file input_39.txt (compact mmCIF, C-alpha atoms)
# COMPACT_ATOMS: atom_id res chain seq x y z
CA MET A 1 -30.47 -7.39 -18.44
CA ARG A 2 -28.61 -6.50 -21.62
CA LYS A 3 -30.61 -3.29 -21.89
CA PHE A 4 -29.78 -2.46 -18.28
CA PHE A 5 -26.03 -2.77 -18.84
CA HIS A 6 -26.23 -0.90 -22.14
CA ASP A 7 -28.02 1.93 -20.34
CA LEU A 8 -25.46 1.80 -17.52
CA ILE A 9 -22.42 2.00 -19.77
CA PHE A 10 -23.29 3.71 -23.08
CA PRO A 11 -24.66 7.26 -23.45
CA HIS A 12 -27.84 7.43 -25.56
CA SER A 13 -31.21 9.17 -25.68
CA ASN A 14 -32.76 7.05 -22.90
CA ASN A 15 -30.13 8.07 -20.33
CA ASN A 16 -29.95 11.71 -21.39
CA PHE A 17 -26.76 11.02 -23.37
CA ARG A 18 -24.74 10.23 -20.28
CA SER A 19 -23.79 6.71 -19.15
CA ARG A 20 -26.17 5.86 -16.31
CA LEU A 21 -23.23 4.91 -14.08
CA LEU A 22 -22.04 8.52 -14.21
CA HIS A 23 -25.38 10.01 -13.16
CA HIS A 24 -25.38 11.66 -9.73
CA ARG A 25 -27.68 9.04 -8.25
CA SER A 26 -25.47 6.19 -9.46
CA LEU A 27 -22.37 7.91 -8.10
CA LEU A 28 -24.07 8.41 -4.73
CA PHE A 29 -25.16 4.77 -4.75
CA ALA A 30 -21.59 3.66 -5.58
CA ILE A 31 -20.19 5.78 -2.71
CA ILE A 32 -22.65 4.21 -0.25
CA VAL A 33 -21.89 0.68 -1.49
CA VAL A 34 -18.11 1.20 -1.28
CA LEU A 35 -18.34 2.73 2.21
CA PHE A 36 -20.62 -0.10 3.34
CA SER A 37 -18.15 -2.65 1.91
CA GLY A 38 -15.35 -1.05 3.95
CA PHE A 39 -17.35 -1.38 7.17
CA LEU A 40 -18.50 -4.90 6.21
CA LEU A 41 -14.93 -6.12 5.61
CA SER A 42 -13.85 -4.48 8.86
CA GLY A 43 -16.69 -6.25 10.70
CA ILE A 44 -15.80 -9.62 9.19
CA ARG A 45 -12.13 -9.08 10.12
CA THR A 46 -13.08 -8.35 13.73
CA ASN A 47 -15.66 -11.11 14.18
CA PHE A 48 -14.19 -13.82 11.94
CA PRO A 49 -10.40 -13.44 12.04
CA LYS A 50 -9.95 -16.96 10.70
CA VAL A 51 -11.81 -15.99 7.54
CA LEU A 52 -10.50 -12.50 6.82
CA GLY A 53 -7.32 -10.88 8.05
CA VAL A 54 -3.65 -10.37 7.36
CA SER A 55 -2.00 -13.50 6.01
CA TYR A 56 1.62 -14.00 5.11
CA ASP A 57 4.21 -16.56 4.09
CA ILE A 58 7.43 -15.10 5.46
CA THR A 59 9.96 -17.19 7.35
CA SER A 60 13.47 -16.63 8.70
CA SER A 61 14.85 -19.46 6.56
CA GLN A 62 13.36 -18.00 3.38
CA LEU A 63 14.68 -14.53 4.24
CA LEU A 64 18.14 -15.96 5.02
CA TYR A 65 18.22 -17.93 1.79
CA LEU A 66 17.10 -14.99 -0.39
CA THR A 67 19.51 -12.59 1.37
CA ASN A 68 22.44 -14.97 0.85
CA ILE A 69 21.52 -15.44 -2.81
CA LYS A 70 21.63 -11.65 -3.27
CA ARG A 71 24.97 -11.51 -1.42
CA GLN A 72 26.36 -14.29 -3.59
CA GLU A 73 25.25 -12.46 -6.74
CA ASN A 74 27.11 -9.38 -5.50
CA GLY A 75 30.29 -11.15 -4.45
CA ALA A 76 29.72 -11.05 -0.67
CA GLY A 77 30.00 -14.11 1.56
CA PRO A 78 26.85 -15.72 2.97
CA LEU A 79 25.51 -14.74 6.39
CA GLY A 80 24.91 -17.26 9.15
CA LEU A 81 21.68 -17.28 11.13
CA ASN A 82 22.56 -16.19 14.67
CA ASP A 83 20.26 -17.07 17.59
CA LYS A 84 21.26 -14.01 19.63
CA LEU A 85 20.55 -11.66 16.74
CA SER A 86 17.22 -13.43 16.18
CA ILE A 87 16.36 -12.82 19.85
CA ALA A 88 17.38 -9.16 19.45
CA ALA A 89 15.15 -8.89 16.36
CA ALA A 90 12.22 -10.52 18.18
CA ASN A 91 12.63 -8.19 21.17
CA LYS A 92 12.78 -5.19 18.83
CA ALA A 93 9.58 -6.29 17.04
CA ARG A 94 7.81 -6.86 20.37
CA ASN A 95 8.96 -3.45 21.60
CA MET A 96 7.62 -1.79 18.43
CA PHE A 97 4.17 -3.30 18.99
CA THR A 98 4.17 -2.56 22.74
CA GLN A 99 5.30 1.04 22.38
CA ASN A 100 3.44 1.48 19.08
CA TYR A 101 6.12 2.96 16.82
CA TRP A 102 7.44 2.44 13.31
CA ALA A 103 11.04 3.63 13.49
CA HIS A 104 14.58 2.45 14.19
CA ASN A 105 14.64 4.22 17.57
CA SER A 106 11.88 3.75 20.15
CA PRO A 107 9.94 6.78 21.50
CA ASP A 108 12.01 6.58 24.70
CA GLY A 109 15.25 6.76 22.69
CA LYS A 110 16.18 3.07 22.65
CA THR A 111 18.38 2.38 19.60
CA PRO A 112 18.51 -0.99 17.79
CA TRP A 113 21.99 -1.56 19.25
CA VAL A 114 20.49 -1.77 22.76
CA PHE A 115 18.49 -4.83 21.67
CA VAL A 116 21.60 -6.39 20.09
CA LYS A 117 23.67 -5.83 23.26
CA ASP A 118 20.87 -7.09 25.53
CA SER A 119 20.73 -10.34 23.56
CA GLY A 120 24.35 -11.03 24.50
CA TYR A 121 25.78 -10.45 21.02
CA THR A 122 29.01 -8.46 21.32
CA TYR A 123 29.07 -6.60 18.05
CA VAL A 124 31.75 -4.68 16.24
CA TYR A 125 29.42 -3.86 13.38
CA ALA A 126 25.63 -3.94 13.56
CA GLY A 127 22.79 -2.93 11.26
CA GLU A 128 19.00 -3.11 11.14
CA ASN A 129 16.46 -3.34 8.33
CA LEU A 130 12.72 -3.08 9.00
CA ALA A 131 9.73 -4.01 6.86
CA ARG A 132 5.98 -4.30 7.35
CA GLY A 133 2.86 -5.22 5.40
CA PHE A 134 4.46 -7.69 2.98
CA GLN A 135 2.89 -11.01 2.03
CA ASN A 136 5.96 -13.09 1.21
CA SER A 137 9.72 -13.20 1.79
CA ASP A 138 10.57 -12.47 -1.83
CA GLU A 139 8.69 -9.14 -1.72
CA VAL A 140 10.55 -8.14 1.47
CA VAL A 141 14.01 -8.87 0.06
CA LYS A 142 13.14 -7.18 -3.25
CA ALA A 143 11.97 -4.04 -1.42
CA TRP A 144 15.14 -3.92 0.68
CA MET A 145 17.29 -4.45 -2.40
CA ALA A 146 15.50 -1.59 -4.18
CA SER A 147 16.39 0.89 -1.43
CA PRO A 148 20.08 2.00 -1.52
CA ASP A 149 20.50 2.13 2.29
CA HIS A 150 18.85 -1.25 2.94
CA ARG A 151 20.71 -2.79 0.03
CA GLU A 152 24.01 -1.56 1.44
CA ASN A 153 23.14 -3.17 4.78
CA MET A 154 22.19 -6.48 3.16
CA LEU A 155 25.28 -6.70 0.99
CA SER A 156 27.83 -5.24 3.42
CA ARG A 157 30.97 -7.37 3.86
CA ASN A 158 31.22 -6.02 7.41
CA TYR A 159 28.55 -8.48 8.53
CA SER A 160 28.85 -12.20 9.04
CA ASP A 161 25.69 -12.92 11.10
CA VAL A 162 22.02 -12.15 10.77
CA GLY A 163 18.87 -12.64 12.86
CA PHE A 164 15.27 -12.28 11.76
CA ALA A 165 11.94 -11.80 13.50
CA VAL A 166 8.57 -12.05 11.77
CA MET A 167 5.77 -10.93 14.06
CA LYS A 168 2.10 -10.12 13.59
CA GLY A 169 0.41 -7.42 15.66
CA LYS A 170 -1.23 -4.00 15.67
CA LEU A 171 0.72 -0.88 14.87
CA SER A 172 -1.16 2.44 15.11
CA GLY A 173 -4.41 0.47 14.88
CA GLU A 174 -3.33 -1.39 11.74
CA GLU A 175 -3.01 -5.16 11.85
CA THR A 176 0.31 -5.86 10.21
CA VAL A 177 3.29 -8.19 9.96
CA LEU A 178 6.61 -6.74 11.12
CA ILE A 179 9.89 -8.07 9.78
CA VAL A 180 13.06 -7.14 11.66
CA GLU A 181 16.46 -8.01 10.26
CA MET A 182 19.44 -7.55 12.60
CA LEU A 183 22.86 -7.80 11.00
CA GLY A 184 26.15 -7.95 12.83
CA SER A 185 29.66 -9.22 13.21
CA THR A 186 31.81 -9.83 16.26
CA SER A 187 35.14 -9.13 14.53
CA LEU A 188 36.54 -6.14 12.64
CA VAL A 189 36.57 -7.99 9.35
CA GLY A 190 33.28 -9.75 8.57
CA LYS A 191 34.41 -13.03 7.09
CA GLY A 192 31.01 -14.33 6.15
CA SER A 193 29.61 -17.63 7.26
CA GLU A 194 31.08 -20.95 6.24
CA THR A 195 27.63 -22.49 5.81
CA ALA A 196 26.31 -23.39 2.38
CA ILE A 197 23.25 -21.63 0.93
CA VAL A 198 20.47 -24.17 1.22
CA PRO A 199 17.03 -23.38 -0.20
CA PRO A 200 14.31 -23.69 2.46
CA ALA A 201 11.47 -26.13 1.92
CA SER A 202 8.30 -24.22 1.06
CA SER A 203 6.70 -22.76 4.20
CA GLN A 204 8.50 -25.33 6.39
CA ASN A 205 9.16 -22.79 9.13
CA LEU A 206 5.83 -21.02 8.98
CA ASN A 207 4.56 -22.71 12.10
CA LEU A 208 7.64 -21.63 14.01
CA VAL A 209 6.86 -18.04 13.17
CA LEU A 210 3.15 -18.08 13.84
CA SER A 211 2.26 -18.60 17.47
CA LYS A 212 0.32 -21.68 18.60
CA ASN A 213 -3.12 -20.06 18.41
CA GLU A 214 -2.36 -18.06 15.30
CA THR A 215 -3.13 -19.34 11.83
CA ASN A 216 -3.27 -17.57 8.51
CA PRO A 217 -6.83 -16.47 7.68
CA LEU A 218 -8.54 -17.89 4.60
CA ILE A 219 -8.61 -14.57 2.80
CA ASN A 220 -6.07 -11.78 2.95
CA SER A 221 -8.02 -8.59 3.71
CA VAL A 222 -5.46 -6.27 2.10
CA VAL A 223 -5.43 -8.23 -1.17
CA LEU A 224 -9.24 -8.52 -1.19
CA SER A 225 -9.89 -4.82 -0.52
CA LYS A 226 -7.18 -3.82 -3.00
CA ASN A 227 -8.71 -6.00 -5.73
CA ILE A 228 -12.24 -4.68 -5.08
CA ALA A 229 -10.90 -1.11 -5.22
CA LEU A 230 -9.01 -1.83 -8.46
CA VAL A 231 -12.10 -3.30 -10.14
CA ILE A 232 -14.25 -0.29 -9.15
CA VAL A 233 -11.66 2.22 -10.40
CA LEU A 234 -11.11 0.35 -13.68
CA ILE A 235 -14.87 0.17 -14.31
CA PHE A 236 -15.20 3.93 -13.81
CA ILE A 237 -12.19 4.70 -16.02
CA ALA A 238 -13.58 2.45 -18.78
CA VAL A 239 -17.08 3.95 -18.60
CA LEU A 240 -15.70 7.52 -18.56
CA ILE A 241 -13.62 6.78 -21.67
CA LEU A 242 -16.56 5.11 -23.45
CA ASP A 243 -18.90 7.96 -22.54
CA MET A 244 -16.36 10.51 -23.80
CA LEU A 245 -15.68 8.71 -27.09
CA VAL A 246 -19.34 8.06 -27.94
CA ILE A 247 -20.34 11.66 -27.26
CA LYS A 248 -17.36 13.00 -29.21
CA ARG A 249 -18.49 10.97 -32.21
CA THR A 250 -22.13 12.11 -32.00
CA LYS A 251 -21.03 15.73 -31.32
CA ILE A 252 -23.71 16.32 -28.71
CA THR A 253 -23.15 19.30 -26.40
CA ARG A 254 -23.52 18.52 -22.68
CA PHE A 255 -23.13 20.83 -19.69
CA ILE A 256 -21.29 18.49 -17.40
CA GLY A 257 -17.82 18.10 -15.94
CA HIS A 258 -14.97 17.00 -18.22
CA ASN A 259 -14.59 13.24 -18.41
CA LEU A 260 -10.88 13.70 -19.06
CA ASP A 261 -10.46 15.35 -15.64
CA HIS A 262 -12.11 12.37 -13.96
CA ILE A 263 -10.05 9.90 -16.02
CA PHE A 264 -6.81 11.54 -14.84
CA TYR A 265 -8.16 11.62 -11.28
CA PHE A 266 -9.11 7.92 -11.27
CA THR A 267 -5.80 6.98 -12.90
CA VAL A 268 -3.98 8.60 -9.98
CA ILE A 269 -6.28 6.74 -7.56
CA LEU A 270 -5.32 3.52 -9.39
CA LEU A 271 -1.64 4.26 -8.73
CA ILE A 272 -2.40 5.26 -5.13
CA ILE A 273 -4.13 1.89 -4.53
CA PHE A 274 -0.88 0.12 -5.46
CA VAL A 275 1.14 2.48 -3.27
CA VAL A 276 -0.96 2.16 -0.11
CA ALA A 277 -1.39 -1.61 -0.47
CA ARG A 278 2.35 -2.29 -0.81
CA GLY A 279 4.59 -3.08 2.12
CA LEU A 280 6.70 -0.41 3.81
CA ILE A 281 10.39 -0.39 4.69
CA ILE A 282 12.57 1.86 6.81
CA MET B 1 -7.39 20.14 -25.03
CA LYS B 2 -4.96 22.80 -26.33
CA LYS B 3 -6.89 25.71 -24.81
CA HIS B 4 -7.05 23.83 -21.51
CA PHE B 5 -3.31 23.09 -21.46
CA ALA B 6 -2.48 25.42 -18.54
CA TYR B 7 -5.38 24.01 -16.52
CA TYR B 8 -4.32 20.45 -17.12
CA LEU B 9 -0.77 21.35 -16.19
CA SER B 10 -2.09 22.59 -12.82
CA LEU B 11 -4.20 19.42 -12.47
CA PHE B 12 -1.11 17.26 -13.07
CA ALA B 13 0.75 19.37 -10.49
CA ILE B 14 -2.00 18.79 -7.87
CA LEU B 15 -2.38 15.06 -8.55
CA GLY B 16 1.37 14.55 -9.00
CA ALA B 17 2.26 16.35 -5.76
CA GLY B 18 -0.39 14.36 -3.88
CA PHE B 19 0.85 11.07 -5.30
CA ALA B 20 4.54 11.84 -4.68
CA THR B 21 3.91 12.90 -1.05
CA LEU B 22 1.84 9.79 -0.45
CA TYR B 23 4.46 7.57 -2.11
CA PHE B 24 7.21 8.69 0.25
CA SER B 25 5.08 8.65 3.41
CA PRO B 26 5.56 5.60 5.66
CA ASP B 27 2.66 6.61 7.92
CA ARG B 28 -0.94 5.50 7.20
CA SER B 29 -2.65 8.46 8.93
CA PHE B 30 -0.46 10.88 6.99
CA GLN B 31 -1.22 8.98 3.76
CA MET B 32 -4.96 9.34 4.40
CA LEU B 33 -4.55 13.06 5.18
CA VAL B 34 -2.52 13.67 2.01
CA PHE B 35 -5.06 11.78 -0.08
CA THR B 36 -8.00 13.72 1.41
CA LEU B 37 -6.21 17.01 0.67
CA THR B 38 -5.50 15.87 -2.90
CA VAL B 39 -9.20 15.05 -3.38
CA LEU B 40 -10.23 18.44 -1.95
CA PHE B 41 -7.84 20.24 -4.30
CA TYR B 42 -9.15 18.19 -7.22
CA VAL B 43 -12.77 19.16 -6.47
CA LEU B 44 -11.76 22.83 -6.05
CA TRP B 45 -9.71 22.68 -9.25
CA GLY B 46 -12.71 21.31 -11.18
CA ILE B 47 -15.00 24.05 -9.87
CA VAL B 48 -12.49 26.85 -10.56
CA HIS B 49 -11.74 25.43 -14.01
CA HIS B 50 -15.43 25.52 -15.04
CA TYR B 51 -15.96 28.90 -13.36
CA LEU B 52 -13.15 30.44 -15.42
CA HIS B 53 -14.66 28.94 -18.56
CA HIS B 54 -18.07 30.43 -17.67
CA ASP B 55 -19.84 27.06 -17.73
CA LEU B 56 -20.07 26.37 -14.00
CA THR B 57 -23.43 25.03 -12.86
CA ALA B 58 -24.66 23.48 -9.60
CA LYS B 59 -24.73 20.10 -11.38
CA ILE B 60 -21.03 20.36 -12.18
CA VAL B 61 -20.21 21.24 -8.57
CA VAL B 62 -22.16 18.16 -7.42
CA GLU B 63 -20.45 15.99 -10.06
CA TYR B 64 -16.90 16.92 -8.96
CA THR B 65 -17.91 16.57 -5.30
CA LEU B 66 -19.35 13.08 -5.92
CA MET B 67 -16.31 11.99 -7.95
CA GLY B 68 -14.09 13.24 -5.12
CA ALA B 69 -16.18 11.42 -2.52
CA LEU B 70 -16.09 8.21 -4.57
CA GLY B 71 -12.28 8.33 -4.69
CA GLU B 72 -12.19 8.95 -0.95
CA ALA B 73 -14.56 6.00 -0.35
CA ILE B 74 -12.39 3.68 -2.49
CA VAL B 75 -9.24 4.47 -0.51
CA PHE B 76 -11.26 4.25 2.73
CA LEU B 77 -12.25 0.71 1.68
CA ILE B 78 -8.57 -0.33 1.72
CA PHE B 79 -7.76 1.47 4.97
CA LYS B 80 -10.84 0.21 6.85
CA GLY B 81 -11.45 -3.17 5.21
CA GLY B 82 -7.85 -4.03 4.36
CA PHE B 83 -5.81 -2.65 7.24
CA GLY B 84 -8.59 -2.53 9.85
CA LEU B 85 -7.90 1.13 10.69
call {"tool": "encode", "arguments": {"input": "input_39.txt", "output": "structure tokens"}}
result
Amino acid sequence: MRKFFHDLIFPHSNNNFRSRLLHHRSLLFAIIVVLFSGFLLSGIRTNFPKVLGVSYDITSSQLLYLTNIKRQENGAGPLGLNDKLSIAAANKARNMFTQNYWAHNSPDGKTPWVFVKDSGYTYVYAGENLARGFQNSDEVVKAWMASPDHRENMLSRNYSDVGFAVMKGKLSGEETVLIVEMLGSTSLVGKGSETAIVPPASSQNLNLVLSKNETNPLINSVVLSKNIALVIVLIFIAVLILDMLVIKRTKITRFIGHNLDHIFYFTVILLIIFVVARGLII
Amino acid sequence: MKKHFAYYLSLFAILGAGFATLYFSPDRSFQMLVFTLTVLFYVLWGIVHHYLHHDLTAKIVVEYTLMGALGEAIVFLIFKGGFGL
């Protein structure tokens, strides 16, 4: 076993002075295994959604609390949770899944303000923040705060009310969790809510967000696939570095591709894994 | 490394442009397309690089192709297994 791993990782005479993992056959084998894993995870997701799928811990009360904390830190008054705006947000989320779009305006030109008006909320100011693919409320609020436009919306003193919708569904074939935040005020000067900022009990509202038949799966498929991908990339980067250093020390000439090229390439893939696995905001 | 400086600069440009485009794309299909193009350019870059240094062999072409395919498979794993696309 020890010999096998030594042969797999270190270049020496028995593996033609090239780590066995970097041989063409090993690379081909790795490609097949990774592709197979992708199909396997997809199959498990489809057939056993209670085991593998998209899980999340995002609730309206957590989002409200975190938003109001950020507003307090920036000298703005707290927002009050408004039922009409929450209905508008839920209708917007439902419309996004039904019409399959990821944008502020629907393909048939419906703006967010239509949903606000239809809910019965007579706004003077209104704003919308969207997010998808996040696992918890903290990540959502942090992402919004990191984007100048979303941050401005969240901290604007023009708003006194807010409504949230957290909805799971399929968007362009991707199973995801949509978060819609509708902000508004019914007067020219947003006074802020009079209510105190109360921290929500952990996951207390989760069951209100998930529908009756919907429960969080045991394993989050995005986290699992991301972690598998990270391990594979890190193994290859480590072996490429080791192979390069050992050969540089022994000064053996090889007619192969440059390890350094592949190290840069896999480093970019490492960064890309983090980028594609993160949530998105618009 | 010094004699390869210009080549590595072009490699950073390819990988950097691919990463930046992907970073600012909110669409999964577009992300996959950008990544595939980045991989293709990487494989081509590797082949051209060795060709210009007069040490290009069939083995090297296969090596860059396999490395490219492995990267593609890894990102596919997240798109298929993670997002269910």
call {"tool": "residues_around", "arguments": {"input": "input_39.txt", "residues": "B:Asp27", "least_positions_apart": "5", "cutoff": "10 Å", "atoms": "only C-alpha atoms", "output": "compact mmCIF listing (two decimals) with C-alpha atoms, keeping the file's coordinate frame"}}
result
# COMPACT_ATOMS: atom_id res chain seq x y z
CA TRP A 102 7.44 2.44 13.31
CA SER A 172 -1.16 2.44 15.11
CA VAL A 276 -0.96 2.16 -0.11
CA LEU A 280 6.70 -0.41 3.81
CA LEU B 22 1.84 9.79 -0.45
CA MET B 32 -4.96 9.34 4.40
call {"tool": "closest_atom_pairs", "arguments": {"input": "input_39.txt", "of": "stretch 111-130 of chain A", "to": "stretch 162-170 of chain A", "cutoff": "10 Å", "atoms": "only C-alpha atoms", "output": "tab-separated table"}}
result
residue	atom	partner	partner_atom	distance
A:Val116	CA	A:Gly163	CA	9.9
A:Ala126	CA	A:Val162	CA	9.4
A:Gly127	CA	A:Val162	CA	9.3
A:Glu128	CA	A:Val162	CA	9.5
A:Asn129	CA	A:Phe164	CA	9.6
A:Leu130	CA	A:Ala165	CA	9.8
call {"tool": "residues_around", "arguments": {"input": "input_39.txt", "residues": "B:Ala73", "least_positions_apart": "2", "cutoff": "12 Å", "atoms": "all atoms listed in the file", "output": "PyMOL selection string"}}
result
(chain A and resi 27-39+225+228-229+232-233+269+273) or (chain B and resi 32+35-36+39+66-71+75-81)
call {"tool": "residues_around", "arguments": {"input": "input_39.txt", "residues": "stretch 3-17 of chain B", "least_positions_apart": "2", "cutoff": "10 Å", "atoms": "all atoms listed in the file", "output": "ChimeraX atom specification"}}
result
/A:260-261,264-265,267-269 /B:1,19-23,34-35,37-39,41-42,45-46,48-49,53
call {"tool": "atom_distance", "arguments": {"input": "input_39.txt", "atom1": "atom CA of A:Ile9", "atom2": "atom CA of B:Gly18"}}
result
29.8 Å
call {"tool": "closest_residue", "arguments": {"input": "input_39.txt", "among": "A:Lys70, A:Leu22, A:Val54, A:Val124", "to": "B:Gly82", "atoms": "all atoms listed in the file"}}
result
A:Val54
call {"tool": "atom_distance", "arguments": {"input": "input_39.txt", "atom1": "atom CA of A:Val231", "atom2": "atom CA of B:Ile74"}}
result
10.4 Å
call {"tool": "residues_near_point", "arguments": {"input": "input_39.txt", "point": "(-26.0, -0.8, -20.3)", "cutoff": "12 Å", "atoms": "all atoms listed in the file", "output": "PyMOL selection string"}}
result
chain A and resi 1-12+14-15+18-22+239+242-243
call {"tool": "residues_around", "arguments": {"input": "input_39.txt", "residues": "B:Tyr51", "least_positions_apart": "6", "cutoff": "12 Å", "atoms": "all atoms listed in the file", "output": "JSON, numbers by chain"}}
result
{"A": [257], "B": [44, 45, 57, 58, 60, 61]}
call {"tool": "write_last_selection", "arguments": {"input": "input_39.txt", "atoms": "C-alpha atoms", "output": "short mmCIF file (atom, residue, chain, number, x, y, z; two decimals), in the frame of the given file"}}
result
data_model
loop_
_atom_site.label_atom_id
_atom_site.label_comp_id
_atom_site.auth_asym_id
_atom_site.auth_seq_id
_atom_site.Cartn_x
_atom_site.Cartn_y
_atom_site.Cartn_z
CA GLY A 257 -17.82 18.10 -15.94
CA LEU B 44 -11.76 22.83 -6.05
CA TRP B 45 -9.71 22.68 -9.25
CA THR B 57 -23.43 25.03 -12.86
CA ALA B 58 -24.66 23.48 -9.60
CA ILE B 60 -21.03 20.36 -12.18
CA VAL B 61 -20.21 21.24 -8.57
#
call {"tool": "atom_distance", "arguments": {"input": "input_39.txt", "atom1": "atom CA of A:Thr98", "atom2": "atom CA of A:Ser147"}}
result
27.3 Å
call {"tool": "closest_residue", "arguments": {"input": "input_39.txt", "among": "A:Thr176, A:Asn153, A:Thr253, A:Ser137", "to": "chain B", "atoms": "all atoms listed in the file"}}
result
A:Thr176
call {"tool": "closest_residue", "arguments": {"input": "input_39.txt", "among": "A:Leu171, A:Val140, A:Ile282, A:Ile87", "to": "A:Tyr121", "atoms": "all atoms listed in the file"}}
result
A:Ile87
call {"tool": "closest_residue", "arguments": {"input": "input_39.txt", "among": "A:Thr250, A:Ser26, A:Ser187, A:Gln72", "to": "chain B", "atoms": "all atoms listed in the file"}}
result
A:Ser26
call {"tool": "closest_residue", "arguments": {"input": "input_39.txt", "among": "A:Lys226, A:Arg132, A:Arg25, A:Lys110", "to": "chain B", "atoms": "all atoms listed in the file"}}
result
A:Lys226
call {"tool": "closest_residue", "arguments": {"input": "input_39.txt", "among": "A:Ser42, A:Ser160, A:Asn16, A:Gln135", "to": "chain B", "atoms": "all atoms listed in the file"}}
result
A:Ser42
call {"tool": "axis_aligned_box", "arguments": {"input": "input_39.txt", "around": "stretch 218-234 of chain A", "padding_each_side": "4 Å", "output": "lines of an AutoDock Vina configuration file"}}
result
center_x = -9.8
center_y = -7.8
center_z = -4.5
size_x = 16.8
size_y = 28.1
size_z = 26.3
call {"tool": "decode", "arguments": {"input": "input_39.txt", "residues": "stretch 20-51 of chain A", "atoms": "C-alpha atoms", "output": "mmCIF file, in the first residue's frame"}}
result
data_model
loop_
_atom_site.group_PDB
_atom_site.id
_atom_site.type_symbol
_atom_site.label_atom_id
_atom_site.label_comp_id
_atom_site.auth_asym_id
_atom_site.auth_seq_id
_atom_site.Cartn_x
_atom_site.Cartn_y
_atom_site.Cartn_z
ATOM 1 C CA ARG A 20 2.038 7.825 -11.546
ATOM 2 C CA LEU A 21 -0.975 10.086 -10.961
ATOM 3 C CA LEU A 22 0.219 12.310 -13.803
ATOM 4 C CA HIS A 23 0.565 9.473 -16.320
ATOM 5 C CA HIS A 24 -1.916 9.603 -19.207
ATOM 6 C CA ARG A 25 -3.716 6.468 -18.051
ATOM 7 C CA SER A 26 -4.168 7.839 -14.535
ATOM 8 C CA LEU A 27 -5.452 11.148 -15.899
ATOM 9 C CA LEU A 28 -7.922 9.315 -18.138
ATOM 10 C CA PHE A 29 -9.012 7.190 -15.176
ATOM 11 C CA ALA A 30 -9.466 10.331 -13.036
ATOM 12 C CA ILE A 31 -11.579 11.979 -15.773
ATOM 13 C CA ILE A 32 -13.839 8.903 -15.990
ATOM 14 C CA VAL A 33 -14.200 8.700 -12.194
ATOM 15 C CA VAL A 34 -15.026 12.415 -11.869
ATOM 16 C CA LEU A 35 -17.561 12.277 -14.723
ATOM 17 C CA PHE A 36 -19.123 9.145 -13.236
ATOM 18 C CA SER A 37 -19.324 10.874 -9.827
ATOM 19 C CA GLY A 38 -21.192 13.776 -11.436
ATOM 20 C CA PHE A 39 -23.772 11.431 -12.955
ATOM 21 C CA LEU A 40 -23.957 9.396 -9.730
ATOM 22 C CA LEU A 41 -24.659 12.475 -7.578
ATOM 23 C CA SER A 42 -27.223 13.634 -10.127
ATOM 24 C CA GLY A 43 -28.908 10.213 -10.000
ATOM 25 C CA ILE A 44 -29.000 10.205 -6.201
ATOM 26 C CA ARG A 45 -30.448 13.742 -6.218
ATOM 27 C CA THR A 46 -33.221 12.666 -8.584
ATOM 28 C CA ASN A 47 -34.083 9.345 -6.940
ATOM 29 C CA PHE A 48 -33.390 10.162 -3.287
ATOM 30 C CA PRO A 49 -34.182 13.865 -2.793
ATOM 31 C CA LYS A 50 -34.379 13.374 0.970
ATOM 32 C CA VAL A 51 -30.756 12.246 1.007
#
